[in-house]
file final_0.txt (compact mmCIF, C-alpha atoms and all ligand atoms)
# COMPACT_ATOMS: atom_id res chain seq x y z
CA MET A 413 -16.22 6.36 3.69
CA LYS A 414 -17.64 7.55 6.94
CA LEU A 415 -15.98 10.66 8.29
CA LEU A 416 -15.43 11.22 11.97
CA GLU A 417 -17.69 13.70 13.73
CA TYR A 418 -15.07 16.45 13.90
CA GLU A 419 -14.21 16.06 10.20
CA ALA A 420 -17.87 16.21 9.23
CA LYS A 421 -18.36 19.25 11.45
CA GLU A 422 -15.50 21.11 9.74
CA ILE A 423 -17.26 20.55 6.42
CA PHE A 424 -20.66 21.50 7.82
CA LYS A 425 -19.14 24.70 9.16
CA ASP A 426 -17.78 25.60 5.71
CA PHE A 427 -21.34 25.37 4.44
CA GLY A 428 -22.64 27.74 7.07
CA ILE A 429 -24.14 25.23 9.50
CA PRO A 430 -23.69 26.47 13.08
CA ILE A 431 -21.59 24.02 15.10
CA PRO A 432 -20.52 24.34 18.74
CA ARG A 433 -17.11 25.89 19.37
CA GLY A 434 -14.62 23.06 19.64
CA VAL A 435 -11.06 21.81 19.44
CA VAL A 436 -9.53 18.44 18.68
CA ILE A 437 -6.94 17.02 21.05
CA THR A 438 -4.57 14.08 20.70
CA SER A 439 -3.58 13.89 24.37
CA PRO A 440 -5.25 14.91 27.66
CA GLU A 441 -2.34 17.24 28.56
CA GLU A 442 -3.34 19.60 25.78
CA LEU A 443 -6.23 20.63 28.00
CA ASN A 444 -3.74 22.20 30.43
CA ASP A 445 -2.91 24.82 27.82
CA PRO A 446 -4.52 28.05 29.18
CA ALA A 447 -5.12 29.34 25.65
CA LEU A 448 -7.14 26.23 24.88
CA ALA A 449 -9.02 26.19 28.16
CA GLY A 450 -9.75 29.89 27.81
CA GLN A 451 -11.93 29.21 24.78
CA PHE A 452 -14.50 27.48 26.93
CA ALA A 453 -16.85 28.64 29.66
CA ASP A 454 -17.49 26.50 32.69
CA GLU A 455 -18.66 23.26 31.14
CA VAL A 456 -17.52 21.19 28.18
CA ALA A 457 -18.64 18.16 26.22
CA ILE A 458 -15.81 15.67 25.56
CA LYS A 459 -16.54 13.37 22.68
CA SER A 460 -14.65 10.23 21.67
CA GLN A 461 -13.90 10.29 17.93
CA VAL A 462 -14.54 6.70 16.94
CA ASP A 463 -16.22 5.43 13.84
CA VAL A 464 -19.25 3.85 15.54
CA GLY A 465 -22.85 4.84 16.15
CA GLY A 466 -24.39 5.12 19.59
CA ARG A 467 -21.33 6.57 21.29
CA GLY A 468 -23.39 8.44 23.84
CA LYS A 469 -25.00 5.24 25.09
CA ALA A 470 -21.67 3.41 25.04
CA GLY A 471 -20.14 6.05 27.33
CA GLY A 472 -18.15 7.87 24.64
CA ILE A 473 -19.46 11.30 25.58
CA VAL A 474 -18.74 13.05 28.86
CA LEU A 475 -20.28 16.32 29.92
CA THR A 476 -18.10 17.84 32.61
CA ARG A 477 -16.81 20.93 34.32
CA LYS A 478 -13.64 22.35 32.84
CA GLU A 479 -11.65 21.51 35.97
CA GLU A 480 -12.37 17.80 35.53
CA ALA A 481 -11.74 17.79 31.77
CA VAL A 482 -8.20 16.37 31.92
CA GLU A 483 -9.35 13.47 34.02
CA ALA A 484 -12.35 12.78 31.77
CA ALA A 485 -10.18 13.01 28.64
CA THR A 486 -7.63 10.60 30.13
CA MET A 487 -10.42 8.14 30.76
CA LEU A 488 -11.92 8.54 27.25
CA PHE A 489 -8.56 8.04 25.51
CA GLN A 490 -8.35 4.64 27.23
CA LYS A 491 -11.98 3.66 26.81
CA GLU A 492 -12.82 1.28 23.97
CA ILE A 493 -16.12 2.12 22.35
CA LYS A 494 -17.48 -1.01 20.69
CA GLY A 495 -13.90 -2.28 20.39
CA LEU A 496 -12.34 0.93 19.08
CA LEU A 497 -10.00 3.36 20.83
CA PRO A 498 -10.13 7.00 19.73
CA LYS A 499 -7.03 8.66 18.28
CA VAL A 500 -8.48 12.08 19.03
CA LEU A 501 -11.14 13.62 21.22
CA LEU A 502 -13.37 16.53 20.35
CA ILE A 503 -13.72 19.11 23.13
CA GLU A 504 -16.76 21.32 22.71
CA GLU A 505 -18.56 23.97 24.64
CA LYS A 506 -21.49 22.32 26.36
CA LEU A 507 -24.69 23.42 24.71
CA PRO A 508 -27.72 24.41 26.80
CA ILE A 509 -30.02 22.14 24.79
CA GLN A 510 -33.74 22.99 24.85
CA HIS A 511 -34.91 20.58 22.18
CA GLU A 512 -33.36 17.90 19.97
CA TYR A 513 -34.38 17.27 16.36
CA PHE A 514 -33.26 14.71 13.82
CA VAL A 515 -32.50 15.30 10.15
CA SER A 516 -31.00 12.86 7.69
CA ILE A 517 -30.48 13.05 3.92
CA THR A 518 -29.96 10.02 1.68
CA ILE A 519 -30.79 8.91 -1.85
CA ASP A 520 -33.94 6.89 -2.32
CA ARG A 521 -32.81 4.29 -4.84
CA SER A 522 -36.19 3.30 -6.19
CA SER A 523 -37.17 6.84 -7.13
CA GLN A 524 -33.56 7.96 -7.72
CA SER A 525 -34.17 11.11 -5.75
CA PRO A 526 -32.80 12.76 -2.63
CA THR A 527 -34.84 11.95 0.46
CA ILE A 528 -34.92 13.94 3.67
CA LEU A 529 -36.07 12.43 6.95
CA PHE A 530 -36.94 14.74 9.81
CA ALA A 531 -38.15 14.06 13.33
CA GLY A 532 -39.29 16.45 16.02
CA THR A 533 -37.73 14.13 18.61
CA GLY A 534 -34.06 13.61 17.90
CA GLY A 535 -31.29 12.29 20.07
CA VAL A 536 -29.91 8.91 20.91
CA ASP A 537 -33.17 7.01 20.58
CA ILE A 538 -34.12 7.87 17.02
CA GLU A 539 -34.10 4.21 15.96
CA THR A 540 -36.68 3.40 18.64
CA THR A 541 -38.80 6.37 17.56
CA ALA A 542 -38.70 5.08 13.99
CA THR A 543 -40.23 1.76 15.03
CA THR A 544 -42.53 2.73 17.91
CA ASN A 545 -43.76 6.07 16.62
CA PRO A 546 -43.21 6.16 12.86
CA ASP A 547 -45.60 9.11 12.53
CA ALA A 548 -43.08 11.29 14.34
CA LEU A 549 -40.83 10.85 11.32
CA ARG A 550 -41.56 12.82 8.17
CA ARG A 551 -40.05 12.03 4.82
CA VAL A 552 -39.90 13.92 1.51
CA LYS A 553 -38.40 13.19 -1.87
CA PHE A 554 -37.79 15.76 -4.55
CA SER A 555 -36.09 16.20 -7.89
CA PRO A 556 -32.29 15.77 -7.86
CA LEU A 557 -32.15 18.63 -10.37
CA LEU A 558 -33.02 21.16 -7.67
CA SER A 559 -30.08 22.76 -5.92
CA ASP A 560 -32.16 23.72 -2.88
CA VAL A 561 -34.80 21.92 -0.88
CA PRO A 562 -38.10 23.16 -2.38
CA GLY A 563 -40.30 25.28 -0.13
CA TYR A 564 -43.21 22.83 -0.06
CA ALA A 565 -40.89 20.03 1.07
CA MET A 566 -39.40 22.13 3.82
CA ARG A 567 -42.82 23.24 5.10
CA TYR A 568 -44.02 19.65 5.18
CA LEU A 569 -40.87 18.43 6.98
CA LEU A 570 -40.81 21.10 9.65
CA GLY A 571 -44.48 21.17 10.52
CA ASP A 572 -44.60 23.11 13.79
CA ALA A 573 -40.83 22.96 14.34
CA PRO A 574 -38.95 26.30 14.43
CA LYS A 575 -38.45 27.90 11.02
CA ALA A 576 -34.81 28.55 11.98
CA LEU A 577 -34.11 24.89 11.25
CA GLY A 578 -34.93 25.41 7.55
CA PRO A 579 -31.68 27.10 6.49
CA VAL A 580 -29.64 24.46 8.35
CA ILE A 581 -31.46 21.64 6.57
CA ASN A 582 -30.94 23.39 3.27
CA SER A 583 -27.21 23.83 3.95
CA LEU A 584 -27.04 20.15 4.87
CA TYR A 585 -28.59 19.36 1.50
CA ARG A 586 -25.85 21.41 -0.21
CA VAL A 587 -23.20 19.47 1.72
CA PHE A 588 -24.90 16.26 0.63
CA CYS A 589 -24.74 17.25 -3.06
CA GLU A 590 -21.34 18.90 -3.19
CA LYS A 591 -19.56 16.28 -1.10
CA ASP A 592 -20.96 13.35 -3.12
CA ALA A 593 -22.48 11.98 0.07
CA LEU A 594 -24.46 8.81 0.55
CA LEU A 595 -25.63 10.15 3.89
CA ALA A 596 -25.58 13.54 5.60
CA GLU A 597 -27.14 13.57 9.03
CA ILE A 598 -27.48 15.74 12.11
CA ASN A 599 -28.70 13.98 15.24
CA PRO A 600 -29.34 15.88 17.34
CA LEU A 601 -29.96 19.15 15.60
CA VAL A 602 -30.55 21.27 18.68
CA VAL A 603 -32.30 24.44 19.65
CA THR A 604 -30.64 26.49 22.40
CA PRO A 605 -31.29 29.99 23.74
CA ARG A 606 -28.37 31.08 21.54
CA GLY A 607 -29.79 29.57 18.37
CA VAL A 608 -29.69 26.35 16.38
CA TYR A 609 -26.64 24.04 16.34
CA ALA A 610 -25.55 20.75 14.82
CA ALA A 611 -24.60 18.99 18.07
CA ASP A 612 -23.51 15.86 16.19
CA ALA A 613 -22.52 15.32 12.55
CA LYS A 614 -22.45 12.31 10.30
CA LEU A 615 -21.24 12.29 6.72
CA ILE A 616 -20.63 9.27 4.52
CA VAL A 617 -18.91 10.09 1.24
CA ASP A 618 -19.42 7.75 -1.71
CA ASP A 619 -16.20 5.72 -2.04
CA ASN A 620 -16.29 6.27 -5.80
CA ALA A 621 -15.98 10.02 -5.20
CA LEU A 622 -13.12 9.97 -2.68
CA HIS A 623 -10.56 10.89 -5.30
CA ARG A 624 -12.31 14.00 -6.55
CA GLN A 625 -13.19 14.93 -2.99
CA GLY A 626 -9.50 14.75 -2.09
CA ILE A 627 -10.12 12.28 0.72
CA ALA A 628 -7.52 9.58 1.39
CA VAL A 629 -9.07 6.16 0.77
CA ASN A 630 -7.73 4.51 3.86
CA ARG A 631 -6.07 6.61 6.49
CA ASP A 632 -4.49 3.71 8.34
CA LEU A 633 -2.09 2.74 5.56
CA THR A 634 1.56 1.88 6.20
CA PRO A 635 3.99 4.11 4.26
CA ARG A 636 4.50 1.31 1.72
CA GLU A 637 0.77 0.74 1.31
CA ARG A 638 0.36 4.45 0.71
CA GLU A 639 3.14 4.49 -1.87
CA ALA A 640 1.56 1.49 -3.61
CA GLU A 641 -1.77 3.24 -3.72
CA GLU A 642 -0.22 6.38 -5.17
CA ASN A 643 1.37 4.27 -7.89
CA GLY A 644 -1.78 2.29 -8.60
CA PHE A 645 -0.33 -1.06 -7.46
CA SER A 646 -2.42 -3.65 -5.67
CA TYR A 647 -0.23 -4.32 -2.65
CA VAL A 648 -0.74 -6.38 0.49
CA GLU A 649 1.55 -6.87 3.49
CA LEU A 650 1.90 -10.27 5.18
CA ASP A 651 4.41 -11.48 7.75
CA GLY A 652 6.70 -13.96 6.00
CA THR A 653 10.09 -13.61 4.31
CA ILE A 654 9.43 -13.83 0.55
CA GLY A 655 8.43 -10.80 -1.49
CA VAL A 656 6.20 -11.49 -4.49
CA ILE A 657 5.65 -9.51 -7.67
CA GLY A 658 3.19 -10.72 -10.27
CA ASN A 659 0.97 -9.25 -12.97
CA GLY A 660 -2.72 -9.94 -12.79
CA ALA A 661 -4.51 -11.13 -9.67
CA GLY A 662 -4.66 -14.73 -10.89
CA LEU A 663 -0.95 -15.15 -11.47
CA THR A 664 -0.07 -13.31 -8.27
CA MET A 665 -2.43 -15.46 -6.18
CA SER A 666 -1.18 -18.67 -7.80
CA THR A 667 2.35 -17.67 -6.89
CA LEU A 668 1.27 -17.16 -3.29
CA ASP A 669 -0.48 -20.54 -3.24
CA LEU A 670 2.64 -22.20 -4.54
CA ILE A 671 4.80 -20.55 -1.89
CA ASP A 672 2.47 -21.94 0.72
CA TYR A 673 2.55 -25.35 -0.97
CA TYR A 674 6.35 -25.42 -0.73
CA ASP A 675 6.18 -24.33 2.94
CA GLY A 676 7.40 -20.80 2.38
CA LYS A 677 5.80 -17.63 3.75
CA ALA A 678 5.17 -14.51 1.71
CA ALA A 679 6.22 -11.19 3.26
CA ASN A 680 4.17 -9.09 0.89
CA PHE A 681 2.84 -9.20 -2.65
CA LEU A 682 2.28 -6.71 -5.39
CA ASP A 683 0.38 -6.83 -8.65
CA VAL A 684 2.02 -4.43 -11.12
CA GLY A 685 -0.99 -4.65 -13.43
CA GLY A 686 -0.93 -4.69 -17.23
CA GLY A 687 1.62 -3.09 -19.54
CA ALA A 688 4.15 -2.12 -16.85
CA GLY A 689 7.27 -0.39 -18.21
CA HIS A 690 10.75 -0.50 -16.64
CA ASP A 691 10.03 2.45 -14.39
CA ARG A 692 6.97 0.85 -12.78
CA VAL A 693 8.78 -2.44 -12.36
CA MET A 694 11.69 -0.67 -10.69
CA LYS A 695 9.32 1.07 -8.25
CA ALA A 696 7.55 -2.22 -7.56
CA VAL A 697 10.77 -4.09 -6.81
CA ARG A 698 12.05 -1.34 -4.51
CA LEU A 699 8.72 -1.15 -2.71
CA ILE A 700 8.59 -4.91 -2.10
CA ALA A 701 12.26 -4.99 -1.06
CA GLY A 702 11.81 -2.08 1.34
CA LYS A 703 9.74 -4.03 3.85
CA PRO A 704 11.88 -5.22 6.75
CA GLY A 705 12.14 -9.01 6.79
CA VAL A 706 12.03 -9.57 3.03
CA ASN A 707 14.92 -11.99 2.36
CA VAL A 708 14.28 -12.81 -1.26
CA ILE A 709 11.97 -11.67 -4.06
CA VAL A 710 10.08 -13.74 -6.58
CA VAL A 711 9.13 -12.00 -9.81
CA ASN A 712 6.61 -14.00 -11.78
CA LEU A 713 5.40 -12.09 -14.82
CA LEU A 714 3.66 -12.91 -18.02
CA GLY A 715 4.77 -10.80 -20.95
CA GLY A 716 1.78 -9.84 -23.03
CA ILE A 717 1.55 -6.11 -23.51
CA THR A 718 4.17 -6.07 -20.76
CA ARG A 719 7.53 -6.70 -22.43
CA CYS A 720 10.00 -9.00 -20.68
CA ASP A 721 12.98 -6.80 -21.62
CA GLU A 722 11.30 -3.79 -19.97
CA VAL A 723 10.75 -5.89 -16.86
CA ALA A 724 14.39 -6.98 -16.87
CA HIS A 725 15.52 -3.34 -17.14
CA GLY A 726 13.30 -2.44 -14.20
CA ILE A 727 14.70 -5.21 -12.00
CA ILE A 728 18.26 -4.24 -12.85
CA GLU A 729 17.59 -0.50 -12.27
CA ALA A 730 16.07 -1.26 -8.87
CA GLY A 731 19.50 -2.54 -7.77
CA ILE A 732 18.34 -3.97 -4.46
CA ASP A 733 20.36 -6.02 -1.97
CA GLN A 734 18.17 -9.11 -1.80
CA ASP A 735 18.22 -11.92 -4.35
CA VAL A 736 15.62 -11.56 -7.08
CA ILE A 737 14.51 -14.81 -8.67
CA VAL A 738 12.71 -14.31 -11.93
CA ARG A 739 10.37 -16.14 -14.19
CA LEU A 740 9.36 -14.28 -17.32
CA ALA A 741 7.35 -15.73 -20.17
CA GLY A 742 6.04 -14.13 -23.35
CA THR A 743 6.84 -11.01 -25.33
CA ASN A 744 10.61 -10.38 -25.72
CA GLU A 745 11.40 -13.21 -23.33
CA ALA A 746 14.79 -13.95 -24.91
CA GLU A 747 15.89 -10.30 -24.64
CA GLY A 748 14.80 -10.19 -21.03
CA ARG A 749 16.63 -13.37 -20.20
CA ALA A 750 19.85 -12.13 -21.85
CA LEU A 751 19.73 -8.85 -19.93
CA LEU A 752 19.13 -10.51 -16.57
CA GLN A 753 21.87 -13.07 -17.13
CA THR A 754 24.44 -10.44 -18.02
CA HIS A 755 23.64 -8.70 -14.74
CA GLY A 756 23.86 -11.87 -12.68
CA TYR A 757 20.17 -12.43 -11.93
CA GLU A 758 18.72 -15.88 -11.70
CA MET A 759 16.04 -16.59 -14.28
CA LEU A 760 14.21 -19.90 -14.19
CA ASP A 761 11.69 -21.37 -16.59
CA THR A 762 8.73 -22.36 -14.47
CA MET A 763 6.73 -21.04 -11.60
CA GLU A 764 7.51 -24.12 -9.54
CA ALA A 765 11.22 -23.61 -10.07
CA VAL A 766 11.28 -19.95 -8.97
CA VAL A 767 9.12 -20.60 -5.94
CA ARG A 768 11.15 -23.60 -4.78
CA ARG A 769 14.35 -21.64 -5.26
CA ALA A 770 12.96 -18.69 -3.30
CA VAL A 771 11.88 -20.92 -0.41
CA GLU A 772 15.40 -22.43 -0.36
CA VAL A 773 17.10 -19.04 -0.30
CA GLY A 774 14.67 -17.03 1.77
CA ALA A 775 12.94 -19.19 4.34
P1 LIG B 801 -23.92 9.75 19.49
O1 LIG B 801 -24.42 9.02 20.70
O2 LIG B 801 -22.69 9.12 18.92
O3 LIG B 801 -24.98 9.94 18.47
O4 LIG B 801 -23.44 11.20 20.00
P2 LIG B 801 -24.14 12.63 19.99
O5 LIG B 801 -23.11 13.63 19.63
O6 LIG B 801 -25.37 12.64 19.19
O7 LIG B 801 -24.49 12.85 21.52
C1 LIG B 801 -25.42 12.02 22.19
C2 LIG B 801 -26.27 12.84 23.14
O8 LIG B 801 -25.45 13.51 24.07
C3 LIG B 801 -27.06 13.94 22.45
O9 LIG B 801 -28.29 13.49 21.92
C4 LIG B 801 -27.26 14.93 23.58
O10 LIG B 801 -28.40 14.59 24.32
C5 LIG B 801 -26.03 14.75 24.42
N1 LIG B 801 -25.10 15.86 24.15
C6 LIG B 801 -24.11 15.90 23.24
N2 LIG B 801 -23.49 17.09 23.25
C7 LIG B 801 -24.11 17.82 24.20
C8 LIG B 801 -23.95 19.15 24.68
O11 LIG B 801 -23.09 19.92 24.27
N3 LIG B 801 -24.79 19.55 25.69
C9 LIG B 801 -25.74 18.73 26.20
N4 LIG B 801 -26.51 19.18 27.16
N5 LIG B 801 -25.92 17.49 25.75
C10 LIG B 801 -25.13 17.04 24.78
MN MN B 802 -25.79 11.49 17.50

call {"tool": "encode", "arguments": {"input": "final_0.txt", "output": "structure tokens", "more": "lines below"}}
Ligand code: GDP
Ligand code: MN
result
Amino acid sequence: MKLLEYEAKEIFKDFGIPIPRGVVITSPEELNDPALAGQFADEVAIKSQVDVGGRGKAGGIVLTRKEEAVEAATMLFQKEIKGLLPKVLLIEEKLPIQHEYFVSITIDRSSQSPTILFAGTGGVDIETTATTNPDALRRVKFSPLLSDVPGYAMRYLLGDAPKALGPVINSLYRVFCEKDALLAEINPLVVTPRGVYAADAKLIVDDNALHRQGIAVNRDLTPREREAEENGFSYVELDGTIGVIGNGAGLTMSTLDLIDYYDGKAANFLDVGGGAGHDRVMKAVRLIAGKPGVNVIVVNLLGGITRCDEVAHGIIEAGIDQDVIVRLAGTNEAEGRALLQTHGYEMLDTMEAVVRRAVEVGA
């Protein structure tokens, strides 16, 4: 997962990397707050927080006087950068940049070691530099067992560049390791009369490490999608009228295909996974039923480790308003059937039958 610039900068700051003073705003009016404006001198950099590279070139960065900041922010909130609108803007003090450098840390797969790339000419054109002047780019690899960038590697990277960049690069390497990053990059890393700063920040965290890093997998989830994720359900929202619960991707997908075949439209579907007990089934049914527009629910489950009587208990406990049409086959099928019948639920024998019934009731 790629973090936004301001999120990456917060992390960089925690690791001692100097970043420009800044605040995040969600609307231009926030800039009218005197306490906020008072944090900045005359000029500010306003930066669109969108998940794309090359923002500067695409017009996503405005350097302006404080008096014109509201106007610039209003414009940036409405400006699509490569098709994306920002939810927030980052307001920063404008840095008096004297020189821009580039530093990027990744893993070199073939040697299974961390690799640092450094260039004495950073900024928006680093890709061009890499192709037209590859000598300007220096690269080192070193043992992943080292917790700091070894001295020889740092000396080679920096060459004639200011020594003050060394500690920043080393801190960036610590971020890279501790945040399970695939990429940690500063472009530009700038020198100003007041010292060295990370003017931009890029951090991509390995998706496999998001859980231990405490980072939400997808921040644009609907409340139901979030609940599903917290419960370990595979859940997808569509725009029809029939809710679908299955176990296993194959059975769930076949159920969806059959709904389509009988001219129905699924509203959402959920795979409860293997061995679901009554409590999980209850949560699944309530989650599916909670989406506005769900008229009827199809439950199509195969009892293997999952027991049909547990499933029946879960459906009954959920106690939802919509009709639930059930097909259960396998372990404890008879017990499940008896339970559902006593509580007035419709249980049919085949997949075709439940789907056709659901389309009749819910279309
Ligand atoms: P990117 O285009 O998405 O990589 O955005 P950056 O944050 O790297 O900004 C692009 C360019 O804008 C930088 O290389 C700088 O030249 C310039 N820039 C960004 N922030 C400042 C600043 O505070 N002061 C000055 N003078 N230039 C800035
Ligand atoms: Mn940049």

call {"tool": "residues_near_ligand", "arguments": {"input": "final_0.txt", "ligand": "ligand LIG 801 (chain B)", "cutoff": "10 Å", "atoms": "all atoms listed in the file", "output": "PyMOL selection string"}}
result
chain A and resi 417+432-433+455-476+503-514+534-538+598-602+604+609-614

call {"tool": "residues_around", "arguments": {"input": "final_0.txt", "residues": "A:Ala628", "least_positions_apart": "2", "cutoff": "12 Å", "atoms": "all atoms listed in the file", "output": "list in words"}}
result
Met413, Lys414, Leu415, Val617, Asp619, Asn620, Ala621, Leu622, His623, Arg624, Gln625, Gly626, Asn630, Arg631, Asp632, Leu633, Arg638, Glu641 and Glu642 of chain A

call {"tool": "atom_distance", "arguments": {"input": "final_0.txt", "atom1": "atom CA of A:Leu682", "atom2": "atom CA of A:Val773"}}
result
19.9 Å

call {"tool": "atom_distance", "arguments": {"input": "final_0.txt", "atom1": "atom CA of A:Gly676", "atom2": "atom CA of A:Gly652"}}
result
7.8 Å

call {"tool": "closest_residue", "arguments": {"input": "final_0.txt", "among": "A:Gly428, A:Gly563, A:Gly702, A:Pro635", "to": "A:Arg586", "atoms": "all atoms listed in the file"}}
result
A:Gly428

call {"tool": "residues_around", "arguments": {"input": "final_0.txt", "residues": "stretch 530-532 of chain A", "least_positions_apart": "3", "cutoff": "8 Å", "atoms": "all atoms listed in the file", "output": "number ranges by chain"}}
result
A: 512-516, 548-551, 569-570, 573

call {"tool": "atom_distance", "arguments": {"input": "final_0.txt", "atom1": "atom CA of A:Leu557", "atom2": "atom CA of A:Pro526"}}
result
9.7 Å

call {"tool": "axis_aligned_box", "arguments": {"input": "final_0.txt", "around": "stretch 724-740 of chain A", "padding_each_side": "3 Å", "output": "JSON"}}
result
{"center_x": 14.9, "center_y": -8.3, "center_z": -9.6, "size_x": 17.0, "size_y": 21.6, "size_z": 21.5}

call {"tool": "closest_residue", "arguments": {"input": "final_0.txt", "among": "A:Lys491, A:Arg698, A:Arg768, A:His755", "to": "A:Glu639", "atoms": "all atoms listed in the file"}}
result
A:Arg698

call {"tool": "closest_residue", "arguments": {"input": "final_0.txt", "among": "A:Arg521, A:Arg692, A:Lys494, A:Lys677", "to": "A:Glu772", "atoms": "only C-alpha atoms"}}
result
A:Lys677

call {"tool": "closest_residue", "arguments": {"input": "final_0.txt", "among": "A:Phe645, A:Leu488, A:Ala730, A:Leu615", "to": "ligand MN 802 (chain B)", "atoms": "all atoms listed in the file"}}
result
A:Leu615

call {"tool": "closest_residue", "arguments": {"input": "final_0.txt", "among": "A:Glu483, A:Ala679, A:Asp691, A:Glu539", "to": "ligand MN 802 (chain B)", "atoms": "all atoms listed in the file"}}
result
A:Glu539

call {"tool": "residues_around", "arguments": {"input": "final_0.txt", "residues": "A:Val711", "least_positions_apart": "4", "cutoff": "9 Å", "atoms": "all atoms listed in the file", "output": "ChimeraX atom specification"}}
result
/A:655-658,697,736-740,766

call {"tool": "residues_around", "arguments": {"input": "final_0.txt", "residues": "A:Leu650", "least_positions_apart": "2", "cutoff": "12 Å", "atoms": "only C-alpha atoms", "output": "ChimeraX atom specification"}}
result
/A:637,647-648,652-656,668,677-682,700,703-706

call {"tool": "decode", "arguments": {"input": "final_0.txt", "residues": "stretch 614-628 of chain A", "atoms": "N, CA, C and O atoms", "output": "mmCIF file, in the first residue's frame"}}
result
data_model
loop_
_atom_site.group_PDB
_atom_site.id
_atom_site.type_symbol
_atom_site.label_atom_id
_atom_site.label_comp_id
_atom_site.auth_asym_id
_atom_site.auth_seq_id
_atom_site.Cartn_x
_atom_site.Cartn_y
_atom_site.Cartn_z
ATOM 1 N N LYS A 614 7.733 9.387 0.081
ATOM 2 C CA LYS A 614 7.012 8.278 -0.539
ATOM 3 C C LYS A 614 7.320 7.019 0.247
ATOM 4 O O LYS A 614 8.491 6.709 0.499
ATOM 5 N N LEU A 615 6.261 6.318 0.636
ATOM 6 C CA LEU A 615 6.459 5.088 1.400
ATOM 7 C C LEU A 615 5.427 4.064 0.947
ATOM 8 O O LEU A 615 4.220 4.325 0.987
ATOM 9 N N ILE A 616 5.918 2.931 0.477
ATOM 10 C CA ILE A 616 5.023 1.833 0.102
ATOM 11 C C ILE A 616 5.265 0.702 1.085
ATOM 12 O O ILE A 616 6.384 0.185 1.197
ATOM 13 N N VAL A 617 4.205 0.349 1.828
ATOM 14 C CA VAL A 617 4.321 -0.715 2.822
ATOM 15 C C VAL A 617 3.866 -2.024 2.169
ATOM 16 O O VAL A 617 2.868 -2.058 1.445
ATOM 17 N N ASP A 618 4.630 -3.070 2.408
ATOM 18 C CA ASP A 618 4.285 -4.401 1.893
ATOM 19 C C ASP A 618 2.866 -4.766 2.365
ATOM 20 O O ASP A 618 2.588 -4.737 3.557
ATOM 21 N N ASP A 619 1.992 -5.110 1.423
ATOM 22 C CA ASP A 619 0.610 -5.450 1.778
ATOM 23 C C ASP A 619 0.545 -6.593 2.796
ATOM 24 O O ASP A 619 -0.370 -6.656 3.605
ATOM 25 N N ASN A 620 1.504 -7.485 2.749
ATOM 26 C CA ASN A 620 1.495 -8.612 3.692
ATOM 27 C C ASN A 620 1.791 -8.176 5.118
ATOM 28 O O ASN A 620 1.611 -8.942 6.047
ATOM 29 N N ALA A 621 2.284 -6.943 5.278
ATOM 30 C CA ALA A 621 2.648 -6.462 6.609
ATOM 31 C C ALA A 621 1.654 -5.440 7.146
ATOM 32 O O ALA A 621 1.837 -4.905 8.231
ATOM 33 N N LEU A 622 0.572 -5.166 6.392
ATOM 34 C CA LEU A 622 -0.337 -4.096 6.801
ATOM 35 C C LEU A 622 -0.939 -4.380 8.172
ATOM 36 O O LEU A 622 -1.090 -3.489 8.993
ATOM 37 N N HIS A 623 -1.239 -5.634 8.424
ATOM 38 C CA HIS A 623 -1.872 -5.968 9.698
ATOM 39 C C HIS A 623 -0.954 -5.626 10.867
ATOM 40 O O HIS A 623 -1.339 -4.919 11.785
ATOM 41 N N ARG A 624 0.282 -6.112 10.814
ATOM 42 C CA ARG A 624 1.164 -5.831 11.960
ATOM 43 C C ARG A 624 1.586 -4.375 12.016
ATOM 44 O O ARG A 624 1.985 -3.870 13.060
ATOM 45 N N GLN A 625 1.478 -3.678 10.886
ATOM 46 C CA GLN A 625 1.792 -2.257 10.906
ATOM 47 C C GLN A 625 0.578 -1.425 11.337
ATOM 48 O O GLN A 625 0.659 -0.214 11.445
ATOM 49 N N GLY A 626 -0.564 -2.100 11.549
ATOM 50 C CA GLY A 626 -1.751 -1.380 11.997
ATOM 51 C C GLY A 626 -2.298 -0.427 10.954
ATOM 52 O O GLY A 626 -2.860 0.612 11.278
ATOM 53 N N ILE A 627 -2.125 -0.776 9.671
ATOM 54 C CA ILE A 627 -2.627 0.079 8.603
ATOM 55 C C ILE A 627 -3.855 -0.581 7.988
ATOM 56 O O ILE A 627 -3.821 -1.765 7.663
ATOM 57 N N ALA A 628 -4.951 0.175 7.873
ATOM 58 C CA ALA A 628 -6.170 -0.372 7.280
ATOM 59 C C ALA A 628 -5.896 -0.750 5.828
ATOM 60 O O ALA A 628 -5.238 -0.012 5.097
#
